[in-house]
Amino acid sequence: MVKNVLNKKLVRDMRQSGMQFLALILLCVLGTFLFAGLDGIAQMTAATNDRYFEENNLAHFWISLESADRQALNKVRAISGVEEACARFSMDMETTLPGEPTLNVTAYDGAMTINVPLIEQGASLEESDVRGCLLQEGFASANGLEVGDEITVRLNGAEYPLTVRGIVYSPEFISVSNGIAANPLEYGYILVNAQAFEQVPLTEIVVRLSEDADEETVRAAIGEALPEAFIIDRSAHRSTAMAQDNVTMFRALTIVFPLAAFVVSALIVMTTLTRMIDNQRTQIGTLRALGFSDGKIQRYYLSYALWPSLIGSVLGAVIGHLTLPPLVWDLLIGQNEYPYRLEPPISAAAWSMVGVSVVMSALICLWTFRRTAKESAADLLRPKPPKSGRRILLERIGPFWRRLSFNQKMVVRNLLRSKMRSMMSCVGLLCCNALIIASMGLQDSVIATAENHYGRTLAYDVRVELTSEAGAAEAYEERLTSEVTECLMEQSVSVSYEGQTRTTLLTIVKDDQQLLHLGEHESLVEFLPDSVALTEKLARLIGVEVGDTVSFQLPGDEDQFSLTVSQIVYNNFSQGAYMTRSTWESLRKGAFTPTAILLRGPTSDTMTRLENMDEVYRIDFTEDQADEALISLEMVSSIFILLMLIALALAFVICYNMGLINFAERTREYATLKVLGYHQKEIRRLILHENTLLTLLALALSIFPGIGLTSIILLVCETDSVRYVSQVANQSVALSCVITYIFSMFIQRLLVHKVRSIVMVEALKSVE
């Protein structure tokens, strides 16, 4: 019977305070929604990568050497921890297809037991088949190719017709691009048997390790067995590294922004529950007077916290897990190729957030109840007397105080006497606007990173990629007419320092180069002779500072060389090492053979001449590259837009909830003003003025926290190759403040209409 009475009371209380209970549920939904969603994306990507890589035997090492002959292959297979090794070659070849797209041709000597392709259509490739190939699914779809079609590739002037035996996915080619963004119309891959190109030497060995093998130990053993070998692992292999970078980014996002949103939600939940329990003090006294024990009353009021927090948190976790991962996965597909996706269950971390939300709400409720329950039943049955008035600080400043009107004095007194209520309203608005600033700032920073790199760091208009048949640098610089023409040489290199080894890009530039602005704030840096410059991110990853000596190893070279790091430079999209041509030539590691030509302001005749050169592999325009970079960053930008929408929803719920609480607490004051002759419009104007002051103060205080949160999120989202520039545009800050202000004023205008519903007799009841 007692239980039924309390249950009926709970239902009645929830109906009467429906908006506040709904606000509690929504706050808990938003608190766990974003965390569970981003965590689900990270779990989905990680689980899909792990299964895909494991079931299809993704290589652990890619070894490049001058000749991957039988002797070298046997040396690798003999190393403890090596489960399997395959020899092959991999190179780009032109095709005779419409538009002459390029294909990466990967040819295996024997069965494809490592990086095993997953057959989407057709059949696998027999070892004896020298006329067939396996074609990338994305390239086949973009170019309208099917099983049985013929593809002809060119090599050294000879043509090789190949028949498509199967349409496949490959774990080695999740990201397929020869530029910045994937373009399956122009670039793809095929897998063939090495016998189809007998004249091409095998130059690569792919290695798969046993489960109990230590990667660093095996890598060192390979280096000893093949001193001339150039070894890269999964962290340096472009495709697999990008796949793992997605996991890293989403895990990082799970830590910062959702937790910030959760803290804001928790803060407002605490305030809401505290006010709701305080407003029940008379009913607590009534229940005591009717004989209910403190334990039963306490369990009853725990329902105020448990049910809304449990319902909201579970709903948030489930909805976030079911909606965000598939949505973001579709964005991932635009940049990457997966044959399937796994949908793991809600993780323990997400359920932990649900538990934290419920426990936090319960503890707040218990603390508030016990604070209220200390009073006797007789005291609780009386309405809580208002706080005694006292002069505020501003009243002591006579000249200032006398200049204020009566209404202004009333607003200031209300704000400063109800410090906790004012502070909580201000903090709620501050946190929401900071989150909105951060979400907009993240988009600004992504765009600024691309624009700064292609518009200022790269001070050229055209980049011409050259083949291995390139001539002398001086010949190009003399023949090609432009404002500035420079040649550079790029190649992979292994850099080591105190046990830390990274595979990176070595760029050799002209001694007085002018077209790479790699200093701070995209300034021009003069590279010093007889030394090397490292990008800031690479130096941080391997723990190098200016003055340290690092070791380098080139592909196919047994002898390492060492250079002192004289400078730290900055590159947002490409990490590596830089040295001058004179430094390179002093090392006696080969001639300076340009791999690219950089031109600023080339003439039309020069462009025509470049298009007709046999050694020109590709011509890129920085303007087009900037557009491609923005496309490739579209996924990141889309996530940030989603974060902004969550922040807006959180702002709306918080503003409305705090407005309800403030109105409920001020009902007696508003009724008094009615008795004194104030019209409803005048009371509404007072409410709006008071909330305008709070909103403006919150907006002013939120700017620097919002900018700081942007920097923190970008820092944790950085990968080994990308360095984001934190740059929040003034327009974004202004727009965020305007949006939050409009939200606040819109909600206040909804609430001020409640002035009509005030019953003065009930509102003005005094302590008897």
# chains A, B, ... in the order shown; residues from 1 in each chain; ligands from 1
$ closest_atom_pairs --of "range 236-259 of chain A" --to "range 709-728 of chain A" --cutoff "9 Å" --atoms "only C-alpha atoms" --output "CSV"
residue,atom,partner,partner_atom,distance
A:Ala241,CA,A:Asp720,CA,8.9
A:Met242,CA,A:Thr719,CA,8.8
A:Asp245,CA,A:Thr719,CA,6.1
A:Asn246,CA,A:Thr719,CA,8.9
A:Thr248,CA,A:Cys717,CA,7.4
A:Met249,CA,A:Cys717,CA,4.8
A:Phe250,CA,A:Cys717,CA,7.7
A:Arg251,CA,A:Cys717,CA,8.6
A:Ala252,CA,A:Val716,CA,5.5
A:Leu253,CA,A:Cys717,CA,6.7
A:Ile255,CA,A:Val716,CA,8.8
A:Val256,CA,A:Ile713,CA,6.3
A:Phe257,CA,A:Ile713,CA,7.2
$ residues_around --residues "Gly576 in chain A" --least-positions-apart "2" --cutoff "9 Å" --atoms "only C-alpha atoms" --output "list in words"
Val493, Thr503, Thr504, Leu505, Leu506, Thr507, Ala533, Leu534, Thr535, Lys537, Leu538, Ala539, Asn571, Ser574 and Tyr578 of chain A
$ write_last_selection --atoms "all heavy atoms" --output "mmCIF file, in the first residue's frame"
data_model
loop_
_atom_site.group_PDB
_atom_site.id
_atom_site.type_symbol
_atom_site.label_atom_id
_atom_site.label_comp_id
_atom_site.auth_asym_id
_atom_site.auth_seq_id
_atom_site.Cartn_x
_atom_site.Cartn_y
_atom_site.Cartn_z
ATOM 1 N N VAL A 493 63.960 7.254 -46.910
ATOM 2 C CA VAL A 493 65.164 7.078 -46.103
ATOM 3 C C VAL A 493 64.748 6.597 -44.722
ATOM 4 O O VAL A 493 63.640 6.887 -44.251
ATOM 5 C CB VAL A 493 65.958 8.404 -46.006
ATOM 6 C CG1 VAL A 493 65.175 9.439 -45.221
ATOM 7 C CG2 VAL A 493 67.329 8.191 -45.381
ATOM 8 N N THR A 503 60.826 5.469 -40.963
ATOM 9 C CA THR A 503 60.966 5.571 -42.411
ATOM 10 C C THR A 503 60.274 6.847 -42.855
ATOM 11 O O THR A 503 59.096 7.056 -42.550
ATOM 12 C CB THR A 503 60.338 4.360 -43.106
ATOM 13 O OG1 THR A 503 60.978 3.166 -42.634
ATOM 14 C CG2 THR A 503 60.512 4.462 -44.611
ATOM 15 N N THR A 504 60.990 7.689 -43.545
ATOM 16 C CA THR A 504 60.448 8.997 -43.895
ATOM 17 C C THR A 504 60.955 9.421 -45.265
ATOM 18 O O THR A 504 61.595 8.635 -45.977
ATOM 19 C CB THR A 504 60.820 10.036 -42.812
ATOM 20 O OG1 THR A 504 60.111 11.241 -43.055
ATOM 21 C CG2 THR A 504 62.315 10.302 -42.798
ATOM 22 N N LEU A 505 60.685 10.657 -45.625
ATOM 23 C CA LEU A 505 61.056 11.185 -46.935
ATOM 24 C C LEU A 505 62.229 12.148 -46.784
ATOM 25 O O LEU A 505 62.187 13.063 -45.957
ATOM 26 C CB LEU A 505 59.863 11.910 -47.564
ATOM 27 C CG LEU A 505 60.030 12.381 -49.014
ATOM 28 C CD1 LEU A 505 60.092 11.187 -49.953
ATOM 29 C CD2 LEU A 505 58.878 13.302 -49.407
ATOM 30 N N LEU A 506 63.266 11.925 -47.575
ATOM 31 C CA LEU A 506 64.410 12.830 -47.625
ATOM 32 C C LEU A 506 64.266 13.709 -48.862
ATOM 33 O O LEU A 506 64.143 13.211 -49.978
ATOM 34 C CB LEU A 506 65.720 12.044 -47.679
ATOM 35 C CG LEU A 506 66.993 12.873 -47.896
ATOM 36 C CD1 LEU A 506 67.221 13.831 -46.736
ATOM 37 C CD2 LEU A 506 68.206 11.964 -48.091
ATOM 38 N N THR A 507 64.282 15.019 -48.659
ATOM 39 C CA THR A 507 64.151 15.984 -49.754
ATOM 40 C C THR A 507 65.451 16.766 -49.883
ATOM 41 O O THR A 507 65.905 17.391 -48.914
ATOM 42 C CB THR A 507 62.987 16.957 -49.504
ATOM 43 O OG1 THR A 507 61.780 16.199 -49.325
ATOM 44 C CG2 THR A 507 62.810 17.902 -50.678
ATOM 45 N N ALA A 533 67.976 19.235 -41.823
ATOM 46 C CA ALA A 533 66.841 19.841 -41.118
ATOM 47 C C ALA A 533 65.728 18.808 -41.023
ATOM 48 O O ALA A 533 65.449 18.091 -41.992
ATOM 49 C CB ALA A 533 66.348 21.081 -41.862
ATOM 50 N N LEU A 534 65.106 18.691 -39.866
ATOM 51 C CA LEU A 534 63.993 17.766 -39.662
ATOM 52 C C LEU A 534 62.720 18.555 -39.405
ATOM 53 O O LEU A 534 62.748 19.632 -38.799
ATOM 54 C CB LEU A 534 64.260 16.842 -38.470
ATOM 55 C CG LEU A 534 65.461 15.904 -38.534
ATOM 56 C CD1 LEU A 534 65.478 15.008 -37.300
ATOM 57 C CD2 LEU A 534 65.444 15.063 -39.794
ATOM 58 N N THR A 535 61.598 18.018 -39.860
ATOM 59 C CA THR A 535 60.321 18.653 -39.544
ATOM 60 C C THR A 535 60.042 18.505 -38.046
ATOM 61 O O THR A 535 60.479 17.541 -37.407
ATOM 62 C CB THR A 535 59.170 18.025 -40.349
ATOM 63 O OG1 THR A 535 59.148 16.618 -40.130
ATOM 64 C CG2 THR A 535 59.336 18.307 -41.830
ATOM 65 N N LYS A 537 57.462 17.704 -36.296
ATOM 66 C CA LYS A 537 56.749 16.516 -35.817
ATOM 67 C C LYS A 537 57.641 15.285 -35.845
ATOM 68 O O LYS A 537 57.625 14.471 -34.916
ATOM 69 C CB LYS A 537 55.498 16.297 -36.667
ATOM 70 C CG LYS A 537 54.522 15.303 -36.040
ATOM 71 C CD LYS A 537 53.196 15.375 -36.720
ATOM 72 C CE LYS A 537 52.185 14.502 -35.993
ATOM 73 N NZ LYS A 537 51.917 14.976 -34.627
ATOM 74 N N LEU A 538 58.438 15.120 -36.902
ATOM 75 C CA LEU A 538 59.355 13.989 -36.961
ATOM 76 C C LEU A 538 60.374 14.077 -35.839
ATOM 77 O O LEU A 538 60.682 13.068 -35.189
ATOM 78 C CB LEU A 538 60.054 13.951 -38.318
ATOM 79 C CG LEU A 538 61.141 12.883 -38.486
ATOM 80 C CD1 LEU A 538 60.545 11.492 -38.351
ATOM 81 C CD2 LEU A 538 61.848 13.034 -39.835
ATOM 82 N N ALA A 539 60.906 15.276 -35.605
ATOM 83 C CA ALA A 539 61.885 15.442 -34.531
ATOM 84 C C ALA A 539 61.275 15.090 -33.175
ATOM 85 O O ALA A 539 61.926 14.454 -32.330
ATOM 86 C CB ALA A 539 62.401 16.876 -34.526
ATOM 87 N N ASN A 571 56.170 21.499 -41.620
ATOM 88 C CA ASN A 571 55.415 21.095 -42.797
ATOM 89 C C ASN A 571 54.158 20.391 -42.298
ATOM 90 O O ASN A 571 54.248 19.404 -41.570
ATOM 91 C CB ASN A 571 56.246 20.166 -43.688
ATOM 92 C CG ASN A 571 55.620 19.957 -45.049
ATOM 93 O OD1 ASN A 571 54.409 19.896 -45.181
ATOM 94 N ND2 ASN A 571 56.454 19.842 -46.072
ATOM 95 N N SER A 574 53.515 16.829 -44.743
ATOM 96 C CA SER A 574 54.575 15.894 -45.093
ATOM 97 C C SER A 574 55.711 16.037 -44.100
ATOM 98 O O SER A 574 56.309 17.109 -43.977
ATOM 99 C CB SER A 574 55.080 16.159 -46.526
ATOM 100 O OG SER A 574 56.148 15.294 -46.847
ATOM 101 N N TYR A 578 65.351 17.399 -44.664
ATOM 102 C CA TYR A 578 65.740 18.272 -45.780
ATOM 103 C C TYR A 578 67.240 18.553 -45.700
ATOM 104 O O TYR A 578 67.785 18.754 -44.606
ATOM 105 C CB TYR A 578 64.973 19.599 -45.730
ATOM 106 C CG TYR A 578 63.488 19.466 -45.927
ATOM 107 C CD1 TYR A 578 62.645 19.135 -44.862
ATOM 108 C CD2 TYR A 578 62.910 19.663 -47.174
ATOM 109 C CE1 TYR A 578 61.273 19.005 -45.040
ATOM 110 C CE2 TYR A 578 61.539 19.540 -47.362
ATOM 111 C CZ TYR A 578 60.741 19.212 -46.296
ATOM 112 O OH TYR A 578 59.382 19.081 -46.473
#
$ residues_around --residues "Arg154 in chain A" --least-positions-apart "5" --cutoff "9 Å" --atoms "only C-alpha atoms" --output "ChimeraX atom specification"
/A:93-96,159-161
$ select_by_dssp --residues "range 55-213 of chain A" --states "strand (DSSP E)" --output "CSV table (one decimal) with N, CA, C and O atoms, in the first residue's frame"
chain,number,residue,atom,x,y,z
A,61,PHE,N,56.2,-6.5,-42.7
A,61,PHE,CA,57.3,-5.7,-43.3
A,61,PHE,C,57.3,-5.7,-44.8
A,61,PHE,O,56.9,-6.7,-45.4
A,62,TRP,N,57.7,-4.6,-45.4
A,62,TRP,CA,58.0,-4.5,-46.8
A,62,TRP,C,59.4,-4.2,-47.0
A,62,TRP,O,59.9,-3.1,-46.5
A,63,ILE,N,60.2,-5.1,-47.6
A,63,ILE,CA,61.6,-5.0,-47.7
A,63,ILE,C,62.0,-4.6,-49.2
A,63,ILE,O,61.7,-5.4,-50.1
A,64,SER,N,62.6,-3.5,-49.4
A,64,SER,CA,63.0,-3.1,-50.7
A,64,SER,C,64.5,-3.3,-50.9
A,64,SER,O,65.3,-2.9,-50.0
A,82,VAL,N,60.0,-15.2,-38.5
A,82,VAL,CA,59.4,-15.0,-39.8
A,82,VAL,C,58.5,-16.2,-40.2
A,82,VAL,O,59.0,-17.3,-40.3
A,83,GLU,N,57.2,-16.0,-40.3
A,83,GLU,CA,56.3,-17.1,-40.6
A,83,GLU,C,56.3,-17.4,-42.1
A,83,GLU,O,56.3,-18.5,-42.6
A,84,GLU,N,56.4,-16.3,-42.9
A,84,GLU,CA,56.3,-16.4,-44.4
A,84,GLU,C,56.9,-15.2,-45.0
A,84,GLU,O,56.9,-14.1,-44.5
A,85,ALA,N,57.4,-15.4,-46.2
A,85,ALA,CA,58.0,-14.3,-47.0
A,85,ALA,C,57.8,-14.6,-48.5
A,85,ALA,O,57.9,-15.8,-49.0
A,86,CYS,N,57.5,-13.5,-49.3
A,86,CYS,CA,57.2,-13.7,-50.7
A,86,CYS,C,58.0,-12.6,-51.4
A,86,CYS,O,58.1,-11.4,-51.0
A,87,ALA,N,58.6,-13.0,-52.6
A,87,ALA,CA,59.3,-12.0,-53.4
A,87,ALA,C,58.3,-11.5,-54.5
A,87,ALA,O,57.4,-12.2,-55.0
A,88,ARG,N,58.5,-10.2,-54.9
A,88,ARG,CA,57.6,-9.6,-55.9
A,88,ARG,C,58.3,-8.3,-56.4
A,88,ARG,O,59.3,-7.9,-55.9
A,89,PHE,N,57.6,-7.6,-57.3
A,89,PHE,CA,57.9,-6.3,-57.7
A,89,PHE,C,56.6,-5.5,-57.7
A,89,PHE,O,55.5,-6.0,-57.9
A,90,SER,N,56.8,-4.2,-57.6
A,90,SER,CA,55.6,-3.3,-57.6
A,90,SER,C,56.0,-2.0,-58.3
A,90,SER,O,57.0,-1.3,-57.8
A,91,MET,N,55.3,-1.6,-59.3
A,91,MET,CA,55.6,-0.4,-60.0
A,91,MET,C,54.3,0.1,-60.7
A,91,MET,O,53.4,-0.6,-61.0
A,92,ASP,N,54.3,1.4,-61.0
A,92,ASP,CA,53.2,2.1,-61.8
A,92,ASP,C,53.5,1.9,-63.3
A,92,ASP,O,54.6,2.1,-63.8
A,93,MET,N,52.4,1.6,-64.0
A,93,MET,CA,52.4,1.5,-65.5
A,93,MET,C,51.2,2.2,-66.1
A,93,MET,O,50.1,2.2,-65.5
A,94,GLU,N,51.4,2.8,-67.2
A,94,GLU,CA,50.3,3.4,-67.9
A,94,GLU,C,49.5,2.3,-68.6
A,94,GLU,O,49.9,1.2,-68.9
A,95,THR,N,48.2,2.7,-68.9
A,95,THR,CA,47.3,1.8,-69.6
A,95,THR,C,46.8,2.4,-70.9
A,95,THR,O,47.0,3.6,-71.2
A,102,THR,N,46.5,5.3,-64.8
A,102,THR,CA,47.7,4.6,-64.3
A,102,THR,C,47.3,3.5,-63.4
A,102,THR,O,46.4,3.6,-62.6
A,103,LEU,N,48.0,2.3,-63.5
A,103,LEU,CA,47.8,1.2,-62.6
A,103,LEU,C,49.1,0.9,-61.9
A,103,LEU,O,50.1,0.8,-62.5
A,104,ASN,N,49.0,0.6,-60.6
A,104,ASN,CA,50.1,0.0,-59.9
A,104,ASN,C,50.0,-1.5,-60.1
A,104,ASN,O,49.1,-2.2,-59.8
A,105,VAL,N,51.1,-2.0,-60.7
A,105,VAL,CA,51.2,-3.4,-61.0
A,105,VAL,C,52.0,-4.1,-60.0
A,105,VAL,O,53.2,-3.8,-59.8
A,106,THR,N,51.4,-5.0,-59.2
A,106,THR,CA,52.1,-5.8,-58.2
A,106,THR,C,52.2,-7.2,-58.6
A,106,THR,O,51.1,-7.9,-58.8
A,107,ALA,N,53.4,-7.7,-58.8
A,107,ALA,CA,53.6,-9.1,-59.4
A,107,ALA,C,54.3,-10.0,-58.4
A,107,ALA,O,55.4,-9.7,-57.9
A,108,TYR,N,53.6,-11.1,-58.1
A,108,TYR,CA,54.2,-12.0,-57.1
A,108,TYR,C,54.9,-13.2,-57.8
A,108,TYR,O,54.4,-13.7,-58.8
A,118,LEU,N,40.9,-10.4,-51.5
A,118,LEU,CA,39.6,-10.9,-51.3
A,118,LEU,C,38.8,-10.8,-52.5
A,118,LEU,O,38.6,-9.7,-53.1
A,119,ILE,N,38.4,-11.9,-53.1
A,119,ILE,CA,37.7,-11.9,-54.4
A,119,ILE,C,36.2,-11.4,-54.2
A,119,ILE,O,35.4,-12.0,-53.5
A,120,GLU,N,35.9,-10.4,-54.9
A,120,GLU,CA,34.6,-9.8,-54.9
A,120,GLU,C,33.8,-10.5,-56.1
A,120,GLU,O,32.6,-10.8,-55.9
A,121,GLN,N,34.4,-10.6,-57.3
A,121,GLN,CA,33.8,-11.2,-58.4
A,121,GLN,C,34.8,-12.0,-59.1
A,121,GLN,O,36.0,-11.7,-59.1
A,122,GLY,N,34.4,-13.1,-59.9
A,122,GLY,CA,35.3,-13.9,-60.6
A,122,GLY,C,36.0,-14.9,-59.8
A,122,GLY,O,35.5,-15.4,-58.8
A,132,GLY,N,46.5,-13.4,-67.1
A,132,GLY,CA,45.4,-12.8,-66.3
A,132,GLY,C,45.9,-11.9,-65.2
A,132,GLY,O,47.1,-11.7,-64.9
A,133,CYS,N,44.9,-11.2,-64.6
A,133,CYS,CA,45.2,-10.2,-63.5
A,133,CYS,C,44.0,-10.1,-62.6
A,133,CYS,O,42.9,-10.5,-63.0
A,134,LEU,N,44.2,-9.7,-61.4
A,134,LEU,CA,43.1,-9.3,-60.5
A,134,LEU,C,43.1,-7.8,-60.4
A,134,LEU,O,44.1,-7.2,-60.2
A,135,LEU,N,41.9,-7.3,-60.5
A,135,LEU,CA,41.7,-5.8,-60.7
A,135,LEU,C,41.0,-5.3,-59.4
A,135,LEU,O,40.1,-5.9,-58.9
A,136,GLN,N,41.4,-4.1,-59.0
A,136,GLN,CA,40.8,-3.4,-57.9
A,136,GLN,C,39.4,-3.1,-58.1
A,136,GLN,O,39.0,-2.6,-59.2
A,150,GLU,N,39.6,-6.9,-71.0
A,150,GLU,CA,41.1,-6.9,-71.2
A,150,GLU,C,41.7,-5.5,-70.9
A,150,GLU,O,41.1,-4.5,-71.2
A,151,ILE,N,42.8,-5.5,-70.2
A,151,ILE,CA,43.5,-4.3,-69.8
A,151,ILE,C,44.9,-4.4,-70.4
A,151,ILE,O,45.6,-5.5,-70.2
A,152,THR,N,45.4,-3.4,-71.1
A,152,THR,CA,46.7,-3.4,-71.6
A,152,THR,C,47.6,-2.4,-70.9
A,152,THR,O,47.2,-1.2,-70.8
A,153,VAL,N,48.7,-2.8,-70.4
A,153,VAL,CA,49.6,-1.9,-69.7
A,153,VAL,C,50.9,-1.7,-70.5
A,153,VAL,O,51.3,-2.6,-71.3
A,154,ARG,N,51.5,-0.6,-70.3
A,154,ARG,CA,52.8,-0.3,-71.1
A,154,ARG,C,54.0,-0.3,-70.1
A,154,ARG,O,53.9,0.3,-69.0
A,155,LEU,N,55.1,-0.8,-70.6
A,155,LEU,CA,56.3,-0.8,-69.9
A,155,LEU,C,57.5,-0.7,-70.9
A,155,LEU,O,57.7,-1.6,-71.7
A,158,ALA,N,56.8,-1.3,-74.5
A,158,ALA,CA,56.1,-2.6,-74.8
A,158,ALA,C,54.7,-2.6,-74.2
A,158,ALA,O,54.5,-2.1,-73.1
A,159,GLU,N,53.8,-3.3,-74.9
A,159,GLU,CA,52.4,-3.4,-74.3
A,159,GLU,C,52.2,-4.9,-73.9
A,159,GLU,O,52.6,-5.8,-74.5
A,160,TYR,N,51.4,-5.0,-72.8
A,160,TYR,CA,51.1,-6.3,-72.2
A,160,TYR,C,49.6,-6.4,-71.9
A,160,TYR,O,49.1,-5.8,-71.0
A,161,PRO,N,48.9,-7.1,-72.8
A,161,PRO,CA,47.5,-7.3,-72.6
A,161,PRO,C,47.2,-8.3,-71.5
A,161,PRO,O,47.9,-9.4,-71.4
A,162,LEU,N,46.3,-8.0,-70.6
A,162,LEU,CA,46.0,-8.9,-69.5
A,162,LEU,C,44.5,-9.0,-69.4
A,162,LEU,O,43.7,-8.0,-69.6
A,163,THR,N,44.0,-10.2,-69.1
A,163,THR,CA,42.6,-10.4,-68.9
A,163,THR,C,42.2,-10.4,-67.5
A,163,THR,O,42.8,-11.0,-66.6
A,164,VAL,N,41.1,-9.7,-67.1
A,164,VAL,CA,40.6,-9.6,-65.8
A,164,VAL,C,40.0,-10.9,-65.3
A,164,VAL,O,39.0,-11.3,-65.9
A,165,ARG,N,40.7,-11.6,-64.4
A,165,ARG,CA,40.1,-12.9,-63.9
A,165,ARG,C,39.2,-12.7,-62.7
A,165,ARG,O,38.3,-13.5,-62.4
A,166,GLY,N,39.5,-11.6,-62.0
A,166,GLY,CA,38.7,-11.3,-60.8
A,166,GLY,C,38.7,-9.9,-60.4
A,166,GLY,O,39.7,-9.2,-60.7
A,167,ILE,N,37.6,-9.4,-59.7
A,167,ILE,CA,37.6,-8.1,-59.1
A,167,ILE,C,37.8,-8.3,-57.6
A,167,ILE,O,37.1,-9.1,-57.0
A,168,VAL,N,38.7,-7.5,-57.1
A,168,VAL,CA,39.2,-7.8,-55.7
A,168,VAL,C,39.3,-6.6,-54.8
A,168,VAL,O,39.4,-5.5,-55.3
A,169,TYR,N,39.4,-6.9,-53.5
A,169,TYR,CA,39.9,-5.9,-52.5
A,169,TYR,C,41.2,-6.5,-52.0
A,169,TYR,O,41.4,-7.7,-52.0
A,187,TYR,N,43.6,6.2,-61.2
A,187,TYR,CA,44.6,5.4,-60.6
A,187,TYR,C,44.0,4.2,-59.8
A,187,TYR,O,43.0,4.4,-59.1
A,188,GLY,N,44.6,3.1,-60.0
A,188,GLY,CA,44.2,1.9,-59.3
A,188,GLY,C,45.3,0.9,-59.2
A,188,GLY,O,46.5,1.2,-59.4
A,189,TYR,N,45.0,-0.4,-59.0
A,189,TYR,CA,46.0,-1.4,-58.9
A,189,TYR,C,45.5,-2.7,-59.6
A,189,TYR,O,44.3,-3.0,-59.6
A,190,ILE,N,46.5,-3.5,-60.0
A,190,ILE,CA,46.2,-4.9,-60.4
A,190,ILE,C,47.2,-5.8,-59.8
A,190,ILE,O,48.4,-5.4,-59.5
A,191,LEU,N,46.9,-7.1,-59.6
A,191,LEU,CA,47.8,-8.1,-59.1
A,191,LEU,C,48.0,-9.1,-60.2
A,191,LEU,O,47.0,-9.6,-60.8
A,192,VAL,N,49.3,-9.5,-60.4
A,192,VAL,CA,49.6,-10.4,-61.5
A,192,VAL,C,50.7,-11.4,-61.0
A,192,VAL,O,51.2,-11.2,-59.9
A,193,ASN,N,51.0,-12.4,-61.8
A,193,ASN,CA,52.1,-13.3,-61.6
A,193,ASN,C,53.4,-12.7,-62.2
A,193,ASN,O,53.3,-12.1,-63.3
A,204,GLU,N,61.3,-6.6,-54.2
A,204,GLU,CA,60.7,-6.4,-52.9
A,204,GLU,C,60.3,-7.7,-52.3
A,204,GLU,O,60.0,-8.7,-53.0
A,205,ILE,N,60.5,-7.8,-51.0
A,205,ILE,CA,60.1,-9.0,-50.2
A,205,ILE,C,59.1,-8.6,-49.2
A,205,ILE,O,59.3,-7.6,-48.4
A,206,VAL,N,57.9,-9.2,-49.1
A,206,VAL,CA,56.9,-8.9,-48.1
A,206,VAL,C,57.0,-10.1,-47.1
A,206,VAL,O,57.1,-11.2,-47.4
A,207,VAL,N,56.9,-9.7,-45.8
A,207,VAL,CA,57.1,-10.6,-44.7
A,207,VAL,C,56.0,-10.6,-43.7
A,207,VAL,O,55.4,-9.6,-43.4
A,208,ARG,N,55.6,-11.8,-43.4
A,208,ARG,CA,54.5,-12.0,-42.4
A,208,ARG,C,55.2,-12.7,-41.2
A,208,ARG,O,55.9,-13.7,-41.3
A,209,LEU,N,54.9,-12.2,-40.0
A,209,LEU,CA,55.5,-12.7,-38.7
A,209,LEU,C,54.6,-13.7,-38.0
A,209,LEU,O,53.4,-13.7,-38.2
$ closest_residue --among "A:Glu127, A:Ala626, A:Trp367, A:Ala348" --to "Leu458 in chain A" --atoms "only C-alpha atoms"
A:Ala626
$ closest_residue --among "A:Arg749, A:Ala475, A:Met607, A:Phe33" --to "Lys681 in chain A" --atoms "only C-alpha atoms"
A:Arg749
$ closest_residue --among "A:Val358, A:Leu630, A:Val509, A:Ile41" --to "His453 in chain A" --atoms "only C-alpha atoms"
A:Leu630
$ atom_distance --atom1 "CA of Asn612 in chain A" --atom2 "CA of Thr457 in chain A"
28.8 Å
$ atom_distance --atom1 "CA of Thr667 in chain A" --atom2 "CA of Leu273 in chain A"
18.6 Å
$ select_by_dssp --residues "range 22-121 of chain A" --states "helix (DSSP H, G or I)" --output "NGL selection string"
:A and (22-55 or 70-77)
$ atom_distance --atom1 "CA of Leu404 in chain A" --atom2 "CA of Ile703 in chain A"
29.0 Å
$ closest_residue --among "A:Gly81, A:Gly355, A:Gly223, A:Gly138" --to "Val176 in chain A" --atoms "only C-alpha atoms"
A:Gly138
$ residues_around --residues "range 730-745 of chain A" --least-positions-apart "2" --cutoff "7 Å" --atoms "only C-alpha atoms" --output "list in words"
Asn433, Ile436, Ile437, Met440, Gly441, Phe652, Cys655, Thr695, Leu699, Val728, Ile747, Gln748 and Arg749 of chain A
$ closest_residue --among "A:Ala123, A:Ala596, A:Ala651, A:Ile364" --to "Ser425 in chain A" --atoms "only C-alpha atoms"
A:Ala651
